[in-house]
>>> print(open('start_30.cif').read())   # mmCIF, C-alpha atoms
data_start
loop_
_atom_site.label_atom_id
_atom_site.label_comp_id
_atom_site.auth_asym_id
_atom_site.auth_seq_id
_atom_site.Cartn_x
_atom_site.Cartn_y
_atom_site.Cartn_z
CA MET A 25 229.30 171.04 75.99
CA ARG A 26 232.28 172.07 78.08
CA GLN A 27 235.48 170.14 77.61
CA LYS A 28 237.22 168.82 80.67
CA ARG A 29 240.32 170.86 81.49
CA PRO A 30 243.58 168.92 81.20
CA SER A 31 245.29 168.27 84.47
CA LEU A 32 248.28 170.35 85.56
CA GLN A 33 250.39 167.20 85.43
CA SER A 34 249.41 166.50 81.82
CA LEU A 35 250.12 170.09 80.78
CA GLU A 36 253.46 170.07 82.56
CA TYR A 37 254.40 166.77 80.87
CA LYS A 38 253.58 168.16 77.41
CA ALA A 39 255.31 171.47 78.06
CA ARG A 40 258.42 169.70 79.25
CA TRP A 41 258.44 167.39 76.19
CA LEU A 42 258.02 170.37 73.85
CA ALA A 43 260.82 172.26 75.57
CA LEU A 44 263.12 169.26 75.21
CA LEU A 45 262.05 168.87 71.56
CA LEU A 46 263.03 172.50 70.91
CA LEU A 47 266.35 171.90 72.66
CA ALA A 48 266.95 168.81 70.50
CA VAL A 49 266.08 170.74 67.31
CA GLY A 50 268.45 173.53 68.35
CA LEU A 51 271.27 171.04 68.93
CA HIS A 52 270.42 169.31 65.62
CA LEU A 53 270.82 172.64 63.78
CA PHE A 54 273.98 173.48 65.73
CA GLU A 55 275.55 170.14 64.79
CA ALA A 56 274.55 170.56 61.15
CA SER A 57 276.42 173.87 61.06
CA LEU A 58 279.67 172.39 62.42
CA PRO A 59 282.44 171.29 60.06
CA SER A 60 282.20 167.58 59.30
CA LEU A 61 284.69 165.14 60.83
CA GLY A 62 283.65 162.45 58.36
CA PRO A 63 280.70 161.31 56.29
CA TRP A 64 277.52 161.47 58.39
CA PHE A 65 279.43 161.85 61.68
CA LYS A 66 277.88 164.16 64.25
CA LEU A 67 278.74 164.72 67.90
CA GLY A 68 275.42 163.19 68.98
CA LEU A 69 274.30 166.05 71.21
CA ALA A 70 270.75 165.82 69.84
CA ASN A 71 270.72 162.10 70.69
CA LEU A 72 271.71 163.07 74.22
CA VAL A 73 268.32 164.80 74.57
CA THR A 74 266.59 161.60 73.35
CA LEU A 75 268.40 159.72 76.10
CA LEU A 76 267.31 162.23 78.73
CA VAL A 77 263.69 162.02 77.55
CA LEU A 78 263.86 158.23 77.73
CA VAL A 79 264.86 158.44 81.39
CA TRP A 80 262.47 161.24 82.35
CA MET A 81 259.42 160.48 80.21
CA GLY A 82 259.62 156.95 78.88
CA PRO A 83 260.14 155.10 75.57
CA ARG A 84 257.23 156.55 73.56
CA ALA A 85 258.21 160.13 74.32
CA ALA A 86 261.84 159.37 73.42
CA VAL A 87 261.04 157.80 70.03
CA ALA A 88 258.56 160.59 69.24
CA LEU A 89 261.19 163.19 70.11
CA ALA A 90 263.79 161.52 67.87
CA VAL A 91 261.38 161.53 64.92
CA GLY A 92 260.14 165.06 65.66
CA ARG A 93 263.55 166.66 65.91
CA VAL A 94 264.74 165.15 62.60
CA LEU A 95 261.53 166.30 60.86
CA ILE A 96 261.67 169.85 62.23
CA GLY A 97 265.45 170.07 61.95
CA ALA A 98 265.35 169.01 58.28
CA PHE A 99 262.61 171.58 57.66
CA PHE A 100 264.86 174.38 58.94
CA ILE A 101 268.02 173.10 57.20
CA GLY A 102 266.12 172.63 53.93
CA THR A 103 266.72 168.91 53.54
CA LEU A 104 263.19 167.66 54.23
CA PHE A 105 262.49 164.39 52.32
CA THR A 106 265.91 164.48 50.64
CA PRO A 107 268.46 161.62 50.92
CA THR A 108 270.10 163.52 53.80
CA PHE A 109 266.77 163.48 55.63
CA LEU A 110 266.33 159.73 55.09
CA ILE A 111 269.86 159.03 56.36
CA SER A 112 269.33 161.24 59.40
CA MET A 113 265.92 159.70 60.16
CA ALA A 114 267.24 156.14 59.87
CA GLY A 115 270.09 156.95 62.25
CA ALA A 116 267.98 158.78 64.83
CA LEU A 117 265.11 156.27 64.80
CA SER A 118 267.31 153.18 65.03
CA ALA A 119 269.38 154.80 67.80
CA ALA A 120 266.20 155.61 69.76
CA VAL A 121 264.89 152.05 69.38
CA VAL A 122 268.23 150.59 70.54
CA MET A 123 268.22 152.99 73.51
CA VAL A 124 264.78 151.70 74.52
CA LEU A 125 265.74 148.04 74.08
CA ALA A 126 269.01 148.42 76.01
CA TRP A 127 267.29 150.41 78.76
CA ARG A 128 264.64 147.70 79.16
CA TRP A 129 266.58 144.51 78.61
CA LEU A 130 270.31 144.92 79.31
CA PRO A 131 271.06 144.41 83.01
CA GLY A 132 273.78 146.42 84.72
CA ILE A 133 274.08 148.90 81.90
CA SER A 134 274.05 152.64 82.66
CA LEU A 135 273.23 155.59 80.43
CA ILE A 136 276.85 155.45 79.23
CA GLY A 137 276.45 151.94 77.80
CA ILE A 138 273.06 152.83 76.32
CA SER A 139 274.52 155.94 74.69
CA LEU A 140 277.47 153.92 73.36
CA LEU A 141 275.19 151.34 71.73
CA ALA A 142 272.95 154.09 70.31
CA ALA A 143 275.91 155.96 68.80
CA LEU A 144 277.24 152.83 67.11
CA THR A 145 273.76 151.90 65.84
CA HIS A 146 273.24 155.43 64.53
CA MET A 147 276.41 155.26 62.44
CA VAL A 148 275.83 151.72 61.10
CA ALA A 149 272.19 152.47 60.21
CA GLN A 150 273.25 155.48 58.15
CA PHE A 151 275.71 153.41 56.14
CA VAL A 152 273.15 150.63 55.62
CA VAL A 153 270.61 153.13 54.28
CA VAL A 154 273.15 154.76 51.95
CA GLU A 155 274.34 151.38 50.68
CA GLY A 156 270.80 150.03 50.35
CA LEU A 157 269.11 153.00 48.70
CA PHE A 158 271.66 155.25 47.01
CA ILE A 159 275.17 153.89 46.38
CA GLN A 160 275.13 150.10 46.18
CA GLN A 161 278.85 149.68 46.83
CA PRO A 162 280.30 147.62 49.70
CA ALA A 163 283.37 149.88 49.36
CA LEU A 164 281.37 152.41 51.40
CA TYR A 165 281.95 150.29 54.49
CA TYR A 166 285.72 150.83 54.20
CA ALA A 167 285.18 154.18 55.91
CA LEU A 168 283.14 152.68 58.75
CA PRO A 169 285.77 151.58 61.36
CA PRO A 170 287.34 155.03 61.99
CA LEU A 171 283.88 156.58 62.15
CA LEU A 172 282.73 153.88 64.58
CA LEU A 173 285.75 154.70 66.76
CA LEU A 174 284.69 158.37 66.81
CA SER A 175 281.12 157.26 67.59
CA THR A 176 282.40 155.15 70.48
CA ILE A 177 284.16 158.16 71.99
CA SER A 178 281.25 160.54 71.44
CA GLY A 179 278.72 157.94 72.66
CA TRP A 180 280.66 157.35 75.89
CA LEU A 181 281.09 161.07 76.60
CA ASN A 182 277.43 161.84 75.82
CA GLY A 183 276.33 159.01 78.11
CA ALA A 184 278.48 160.37 80.94
CA LEU A 185 277.05 163.82 80.34
CA ALA A 186 273.51 162.39 80.41
CA LEU A 187 274.21 160.64 83.73
CA TYR A 188 275.60 163.87 85.15
CA ILE A 189 272.59 165.89 83.98
CA VAL A 190 270.04 163.33 85.22
CA ALA A 191 271.67 163.32 88.66
CA ARG A 192 271.68 167.11 88.93
CA LEU A 193 268.37 168.00 87.28
CA ASN A 194 266.38 166.03 89.78
CA TYR A 195 263.38 168.26 90.36
CA GLU A 196 260.13 167.49 92.08
CA ILE A 197 256.88 169.45 91.99
CA GLN A 198 255.48 170.20 95.45
CA ASP A 199 252.14 171.80 96.26
CA MET B 20 250.65 177.02 94.58
CA ALA B 21 252.91 174.46 92.96
CA THR B 22 256.63 175.10 93.36
CA LEU B 23 259.64 173.42 91.88
CA THR B 24 262.14 172.26 94.44
CA ARG B 25 265.50 170.86 93.55
CA GLN B 26 266.46 167.63 95.21
CA LYS B 27 269.98 166.97 96.39
CA PRO B 28 272.14 165.60 93.55
CA VAL B 29 272.43 161.84 93.77
CA GLY B 30 275.19 161.41 91.21
CA GLN B 31 278.94 161.63 91.43
CA SER B 32 281.36 164.06 89.85
CA LEU B 33 281.75 163.98 86.07
CA SER B 34 285.22 162.38 86.30
CA VAL B 35 283.85 159.49 88.39
CA THR B 36 280.75 159.25 86.20
CA LEU B 37 282.97 158.82 83.12
CA LYS B 38 284.10 155.38 84.30
CA GLY B 39 280.68 153.79 83.75
CA THR B 40 279.55 150.47 85.19
CA ARG B 41 281.21 147.10 84.71
CA ALA B 42 278.65 146.25 81.99
CA ASP B 43 279.44 149.54 80.22
CA ARG B 44 283.15 148.74 80.22
CA VAL B 45 282.51 145.22 78.85
CA LEU B 46 280.44 146.76 76.05
CA LEU B 47 283.22 149.27 75.35
CA ALA B 48 285.84 146.51 75.18
CA LEU B 49 283.68 144.46 72.80
CA ALA B 50 283.03 147.47 70.58
CA LEU B 51 286.72 148.39 70.43
CA LEU B 52 287.69 144.80 69.67
CA LEU B 53 285.19 144.57 66.80
CA ILE B 54 286.22 147.96 65.39
CA ALA B 55 289.94 147.13 65.60
CA THR B 56 289.42 143.77 63.88
CA ALA B 57 287.30 145.27 61.10
CA TRP B 58 289.79 148.12 60.64
CA TRP B 59 292.74 145.70 60.45
CA VAL B 60 291.00 143.45 57.90
CA ILE B 61 289.89 146.38 55.75
CA GLN B 62 293.33 147.99 55.83
CA ALA B 63 294.94 144.68 54.85
CA VAL B 64 292.64 144.52 51.82
CA MET B 65 292.79 148.22 50.98
CA LEU B 66 296.55 148.75 51.31
CA SER B 67 297.47 146.08 48.79
CA GLY B 68 298.12 147.15 45.21
CA PRO B 69 298.72 150.55 43.69
CA ALA B 70 297.04 153.71 45.01
CA VAL B 71 293.94 154.10 42.85
CA ALA B 72 290.91 156.40 42.92
CA MET B 73 287.73 154.48 42.02
CA ILE B 74 284.67 156.43 40.88
CA TYR B 75 281.23 154.82 41.13
CA HIS B 76 277.69 155.80 40.20
CA GLY B 77 275.27 153.69 42.24
CA SER B 78 276.37 150.10 41.70
CA THR B 79 278.38 150.88 38.54
CA LEU B 80 282.14 151.46 38.48
CA LEU B 81 282.60 154.41 36.11
CA ALA B 82 286.39 154.61 36.13
CA SER B 83 289.53 154.11 38.18
CA TYR B 84 292.71 156.15 37.93
CA PRO B 85 296.06 155.84 39.71
CA LEU B 86 296.92 158.81 41.92
CA PRO B 87 299.41 160.97 39.98
CA GLY B 88 302.93 161.19 41.32
CA PRO B 89 305.01 164.39 41.65
CA GLY B 90 305.20 166.24 38.37
CA GLU B 91 302.40 164.26 36.74
CA PRO B 92 299.38 166.22 35.47
CA ALA B 93 296.06 166.26 37.31
CA ILE B 94 293.21 164.13 35.94
CA HIS B 95 289.76 165.67 35.44
CA VAL B 96 286.80 163.27 35.35
CA THR B 97 283.13 164.05 34.76
CA ALA B 98 280.94 161.53 36.56
CA GLY B 99 277.28 161.50 35.53
CA GLY B 100 274.91 161.01 38.47
CA GLU B 101 271.20 161.20 39.29
CA LEU B 102 271.09 165.01 39.43
CA GLY B 103 273.75 165.81 36.84
CA ASP B 104 277.52 165.79 36.44
CA SER B 105 279.96 165.71 39.36
CA GLU B 106 283.47 166.93 38.53
CA VAL B 107 286.25 164.85 40.07
CA ILE B 108 289.87 166.02 40.15
CA ILE B 109 292.67 163.55 40.88
CA ASP B 110 296.07 165.13 41.55
CA GLN B 111 299.07 164.84 43.91
CA GLN B 112 296.88 165.84 46.86
CA GLY B 113 294.48 162.97 46.19
CA ALA B 114 290.98 162.79 44.76
CA ARG B 115 288.30 165.41 45.35
CA ILE B 116 284.92 166.41 44.00
CA SER B 117 285.35 169.97 42.74
CA ALA B 118 281.78 170.58 41.57
CA SER B 119 278.48 168.84 42.21
CA PRO B 120 274.83 169.54 41.38
CA CYS B 121 273.72 168.57 44.92
CA VAL B 122 272.23 171.15 47.30
CA THR B 123 274.31 170.56 50.42
CA GLN B 124 277.76 170.51 48.67
CA LEU B 125 279.11 168.37 51.52
CA CYS B 126 281.02 166.25 49.01
CA VAL B 127 282.80 169.35 47.65
CA LEU B 128 283.51 170.66 51.16
CA SER B 129 285.05 167.34 52.27
CA GLY B 130 288.16 168.21 50.21
CA ALA B 131 290.90 165.93 48.87
CA HIS B 132 291.52 162.38 50.10
CA ARG B 133 294.49 160.15 49.31
CA HIS B 134 294.74 157.48 52.03
CA ALA B 135 293.61 153.90 51.46
CA GLY B 136 290.04 153.48 52.71
CA ASP B 137 289.10 157.15 52.33
CA ILE B 138 285.75 157.82 50.66
CA ILE B 139 283.96 160.84 49.24
CA ALA B 140 280.23 160.23 48.85
CA CYS B 141 277.72 162.48 47.13
CA VAL B 142 274.55 160.68 48.20
CA PRO B 143 272.02 162.91 46.37
CA ASN B 144 273.91 162.37 43.10
CA HIS B 145 274.69 158.69 43.90
CA ILE B 146 278.42 159.27 43.28
CA LEU B 147 281.13 157.59 45.34
CA VAL B 148 284.91 158.09 45.12
CA THR B 149 287.12 155.68 47.05
CA ILE B 150 290.87 155.42 47.46
CA GLN B 151 292.39 151.94 47.41
CA GLY B 152 295.96 150.74 47.61
CA SER B 153 299.09 152.48 48.78
CA GLU B 154 301.88 151.46 46.42
CA ASP B 155 303.17 153.30 43.35
CA SER B 156 301.05 152.56 40.33
CA SER B 157 302.30 150.76 37.27
CA TYR B 158 299.53 151.64 34.84
CA ASP B 159 297.87 154.81 33.53
CA ALA B 160 294.12 154.26 33.80
CA ILE B 161 291.30 151.74 33.71
CA VAL B 162 288.04 153.03 32.28
CA GLU B 163 284.79 151.11 31.93
#
>>> encode(input="start_30.cif", output="structure tokens")
Amino acid sequence: MRQKRPSLQSLEYKARWLALLLLAVGLHLFEASLPSLGPWFKLGLANLVTLLVLVWMGPRAAVALAVGRVLIGAFFIGTLFTPTFLISMAGALSAAVVMVLAWRWLPGISLIGISLLAALTHMVAQFVVVEGLFIQQPALYYALPPLLLLSTISGWLNGALALYIVARLNYEIQD
Amino acid sequence: MATLTRQKPVGQSLSVTLKGTRADRVLLALALLLIATAWWVIQAVMLSGPAVAMIYHGSTLLASYPLPGPGEPAIHVTAGGELGDSEVIIDQQGARISASPCVTQLCVLSGAHRHAGDIIACVPNHILVTIQGSEDSSYDAIVE
């Protein structure tokens, strides 16, 4: 029995998602290779791709991309299923969920506000996981305010960059 | 044949985009207010008392040592963790993890810290080093 061929639209959707996943993995690896500015602080470039996918392809694609890029990224870095992986996954997943909730439910907010909330959530989630699973010391949170300030700056800039990219990569397929 | 055509950009320049919407700016103000308040409270707690390096394994305080002053010898501490022993050195530059059994070695690479509120965390080995206080110490060591 012959299978029905997938539509061009469906193929294009999947190809675009895979290309963005590869971009997110590449940025994930790039960020992992940069010198650290503080415990578990990253620039958030990989989260920027999650934000773009949310706008272009919807919530499910965005959450799937966040999970996929942490899984594949950890595989290449060699931290799969280690504490580093759990911290990274908690941050990326919670940030993606907050992006979706803010995008759906917060009126008047732009990608900048969504990115800001996601960056802050990402940082807090990482600390909660470390404190809950590995080092049960509230003293950990002493380091949080300066890192949240860095996250605020990076979240705002990434959001602005996402807005800029969304406005300029506005393509349409015509027959 | 399907072709990709680029539509005219609908956004503004990056400098204008950076301003965000009114709701974005309200969120930013709230976030900065919360961060500043938390930072102020934590610093008020952390800056009191002598400058001390606290070494934890999980929920257990292993030891705390005052940061040595000029001319005082460095302190070497072996902290037993989940994977093995982490070596902690406390000297005039602050506290640092000099050797760790973890794979990533991020704790070793993070270097020395001496300011109140600084932390060095080796998550795989469940070891945490924090710096508390900012005044000169009046005692040699507290070990549990």
>>> closest_residue(input="start_30.cif", among="B:Met65, B:Ala118, B:Val96, B:Leu80", to="B:Gly152", atoms="only C-alpha atoms")
B:Met65
>>> resolve_selection(input="start_30.cif", expression="the PyMOL selection byres ((chain A) within 8 of (chain B))", output="number ranges by chain")
A: 60, 62-63, 106-108, 131-134, 136-137, 140, 154, 158-161, 163-164, 166-167, 169-170, 172-173, 176, 180-181, 184-185, 187-188, 191-199
>>> closest_residue(input="start_30.cif", among="A:Leu44, A:Met113, A:Leu144, A:Leu174", to="B:Leu49", atoms="only C-alpha atoms")
A:Leu144
>>> closest_residue(input="start_30.cif", among="B:Gly103, B:Gly130, B:Pro120, B:Pro69", to="B:Gly88", atoms="all atoms listed in the file")
B:Pro69
>>> closest_residue(input="start_30.cif", among="A:Phe105, A:Trp41, A:Phe99, A:Phe65", to="A:Val77", atoms="all atoms listed in the file")
A:Trp41
>>> residues_around(input="start_30.cif", residues="stretch 84-96 of chain A", least_positions_apart="2", cutoff="7 Å", atoms="all atoms listed in the file", output="PyMOL selection string")
chain A and resi 45+48-49+74+77-78+81-82+98-100+104+112-113+116-117+120-121
>>> atom_distance(input="start_30.cif", atom1="atom CA of B:Leu86", atom2="atom CA of B:Ala70")
6.0 Å
>>> closest_residue(input="start_30.cif", among="A:Val79, A:Ala186, A:Ile101, A:Ile177", to="A:Gly50", atoms="only C-alpha atoms")
A:Ile101
>>> build_atoms(input="start_30.cif", residues="stretch 125-149 of chain A", atoms="N, CA, C and O atoms", output="PDB file, keeping the file's coordinate frame")
ATOM      1  N   LEU A 125     265.500 149.470  73.860  1.00  0.00           N
ATOM      2  CA  LEU A 125     265.740 148.040  74.080  1.00  0.00           C
ATOM      3  C   LEU A 125     266.832 147.811  75.134  1.00  0.00           C
ATOM      4  O   LEU A 125     266.681 146.959  76.020  1.00  0.00           O
ATOM      5  N   ALA A 126     267.911 148.579  75.042  1.00  0.00           N
ATOM      6  CA  ALA A 126     269.010 148.420  76.010  1.00  0.00           C
ATOM      7  C   ALA A 126     268.557 148.828  77.406  1.00  0.00           C
ATOM      8  O   ALA A 126     268.895 148.180  78.399  1.00  0.00           O
ATOM      9  N   TRP A 127     267.795 149.895  77.475  1.00  0.00           N
ATOM     10  CA  TRP A 127     267.290 150.410  78.760  1.00  0.00           C
ATOM     11  C   TRP A 127     266.392 149.382  79.434  1.00  0.00           C
ATOM     12  O   TRP A 127     266.454 149.166  80.649  1.00  0.00           O
ATOM     13  N   ARG A 128     265.577 148.678  78.614  1.00  0.00           N
ATOM     14  CA  ARG A 128     264.640 147.700  79.160  1.00  0.00           C
ATOM     15  C   ARG A 128     265.282 146.359  79.473  1.00  0.00           C
ATOM     16  O   ARG A 128     264.958 145.718  80.461  1.00  0.00           O
ATOM     17  N   TRP A 129     266.188 145.919  78.576  1.00  0.00           N
ATOM     18  CA  TRP A 129     266.580 144.510  78.610  1.00  0.00           C
ATOM     19  C   TRP A 129     268.026 144.230  78.988  1.00  0.00           C
ATOM     20  O   TRP A 129     268.364 143.075  79.236  1.00  0.00           O
ATOM     21  N   LEU A 130     268.907 145.215  78.976  1.00  0.00           N
ATOM     22  CA  LEU A 130     270.310 144.920  79.310  1.00  0.00           C
ATOM     23  C   LEU A 130     270.588 145.216  80.781  1.00  0.00           C
ATOM     24  O   LEU A 130     270.581 146.373  81.197  1.00  0.00           O
ATOM     25  N   PRO A 131     270.843 144.188  81.574  1.00  0.00           N
ATOM     26  CA  PRO A 131     271.060 144.410  83.010  1.00  0.00           C
ATOM     27  C   PRO A 131     272.436 145.025  83.276  1.00  0.00           C
ATOM     28  O   PRO A 131     273.407 144.732  82.573  1.00  0.00           O
ATOM     29  N   GLY A 132     272.502 145.862  84.275  1.00  0.00           N
ATOM     30  CA  GLY A 132     273.780 146.420  84.720  1.00  0.00           C
ATOM     31  C   GLY A 132     274.309 147.559  83.881  1.00  0.00           C
ATOM     32  O   GLY A 132     275.352 148.136  84.177  1.00  0.00           O
ATOM     33  N   ILE A 133     273.593 147.874  82.812  1.00  0.00           N
ATOM     34  CA  ILE A 133     274.080 148.900  81.900  1.00  0.00           C
ATOM     35  C   ILE A 133     273.605 150.279  82.398  1.00  0.00           C
ATOM     36  O   ILE A 133     272.486 150.418  82.903  1.00  0.00           O
ATOM     37  N   SER A 134     274.456 151.285  82.276  1.00  0.00           N
ATOM     38  CA  SER A 134     274.050 152.640  82.660  1.00  0.00           C
ATOM     39  C   SER A 134     273.773 153.459  81.399  1.00  0.00           C
ATOM     40  O   SER A 134     273.841 152.936  80.282  1.00  0.00           O
ATOM     41  N   LEU A 135     273.492 154.724  81.584  1.00  0.00           N
ATOM     42  CA  LEU A 135     273.230 155.590  80.430  1.00  0.00           C
ATOM     43  C   LEU A 135     274.447 155.648  79.501  1.00  0.00           C
ATOM     44  O   LEU A 135     274.315 155.904  78.305  1.00  0.00           O
ATOM     45  N   ILE A 136     275.637 155.421  80.058  1.00  0.00           N
ATOM     46  CA  ILE A 136     276.850 155.450  79.230  1.00  0.00           C
ATOM     47  C   ILE A 136     276.832 154.304  78.217  1.00  0.00           C
ATOM     48  O   ILE A 136     277.070 154.505  77.019  1.00  0.00           O
ATOM     49  N   GLY A 137     276.527 153.102  78.694  1.00  0.00           N
ATOM     50  CA  GLY A 137     276.450 151.940  77.800  1.00  0.00           C
ATOM     51  C   GLY A 137     275.339 152.106  76.779  1.00  0.00           C
ATOM     52  O   GLY A 137     275.495 151.762  75.598  1.00  0.00           O
ATOM     53  N   ILE A 138     274.193 152.624  77.233  1.00  0.00           N
ATOM     54  CA  ILE A 138     273.060 152.830  76.320  1.00  0.00           C
ATOM     55  C   ILE A 138     273.451 153.833  75.233  1.00  0.00           C
ATOM     56  O   ILE A 138     273.190 153.628  74.043  1.00  0.00           O
ATOM     57  N   SER A 139     274.103 154.914  75.644  1.00  0.00           N
ATOM     58  CA  SER A 139     274.520 155.940  74.690  1.00  0.00           C
ATOM     59  C   SER A 139     275.556 155.388  73.701  1.00  0.00           C
ATOM     60  O   SER A 139     275.520 155.702  72.506  1.00  0.00           O
ATOM     61  N   LEU A 140     276.449 154.547  74.213  1.00  0.00           N
ATOM     62  CA  LEU A 140     277.470 153.920  73.360  1.00  0.00           C
ATOM     63  C   LEU A 140     276.816 153.068  72.277  1.00  0.00           C
ATOM     64  O   LEU A 140     277.129 153.192  71.086  1.00  0.00           O
ATOM     65  N   LEU A 141     275.875 152.206  72.691  1.00  0.00           N
ATOM     66  CA  LEU A 141     275.190 151.340  71.730  1.00  0.00           C
ATOM     67  C   LEU A 141     274.402 152.175  70.717  1.00  0.00           C
ATOM     68  O   LEU A 141     274.389 151.875  69.519  1.00  0.00           O
ATOM     69  N   ALA A 142     273.746 153.234  71.201  1.00  0.00           N
ATOM     70  CA  ALA A 142     272.950 154.090  70.310  1.00  0.00           C
ATOM     71  C   ALA A 142     273.839 154.780  69.283  1.00  0.00           C
ATOM     72  O   ALA A 142     273.482 154.863  68.100  1.00  0.00           O
ATOM     73  N   ALA A 143     275.007 155.255  69.724  1.00  0.00           N
ATOM     74  CA  ALA A 143     275.910 155.960  68.800  1.00  0.00           C
ATOM     75  C   ALA A 143     276.405 155.023  67.706  1.00  0.00           C
ATOM     76  O   ALA A 143     276.462 155.400  66.528  1.00  0.00           O
ATOM     77  N   LEU A 144     276.756 153.804  68.094  1.00  0.00           N
ATOM     78  CA  LEU A 144     277.240 152.830  67.110  1.00  0.00           C
ATOM     79  C   LEU A 144     276.113 152.452  66.139  1.00  0.00           C
ATOM     80  O   LEU A 144     276.321 152.375  64.920  1.00  0.00           O
ATOM     81  N   THR A 145     274.908 152.241  66.684  1.00  0.00           N
ATOM     82  CA  THR A 145     273.760 151.900  65.840  1.00  0.00           C
ATOM     83  C   THR A 145     273.454 153.016  64.863  1.00  0.00           C
ATOM     84  O   THR A 145     273.160 152.775  63.689  1.00  0.00           O
ATOM     85  N   HIS A 146     273.516 154.257  65.355  1.00  0.00           N
ATOM     86  CA  HIS A 146     273.240 155.430  64.530  1.00  0.00           C
ATOM     87  C   HIS A 146     274.143 155.431  63.307  1.00  0.00           C
ATOM     88  O   HIS A 146     273.685 155.612  62.167  1.00  0.00           O
ATOM     89  N   MET A 147     275.436 155.214  63.532  1.00  0.00           N
ATOM     90  CA  MET A 147     276.410 155.260  62.440  1.00  0.00           C
ATOM     91  C   MET A 147     276.181 154.108  61.446  1.00  0.00           C
ATOM     92  O   MET A 147     276.152 154.311  60.226  1.00  0.00           O
ATOM     93  N   VAL A 148     276.016 152.889  61.975  1.00  0.00           N
ATOM     94  CA  VAL A 148     275.830 151.720  61.100  1.00  0.00           C
ATOM     95  C   VAL A 148     274.550 151.870  60.279  1.00  0.00           C
ATOM     96  O   VAL A 148     274.536 151.596  59.071  1.00  0.00           O
ATOM     97  N   ALA A 149     273.472 152.325  60.914  1.00  0.00           N
ATOM     98  CA  ALA A 149     272.190 152.470  60.210  1.00  0.00           C
ATOM     99  C   ALA A 149     272.316 153.438  59.039  1.00  0.00           C
ATOM    100  O   ALA A 149     271.750 153.210  57.963  1.00  0.00           O
TER     101      ALA A 149
END
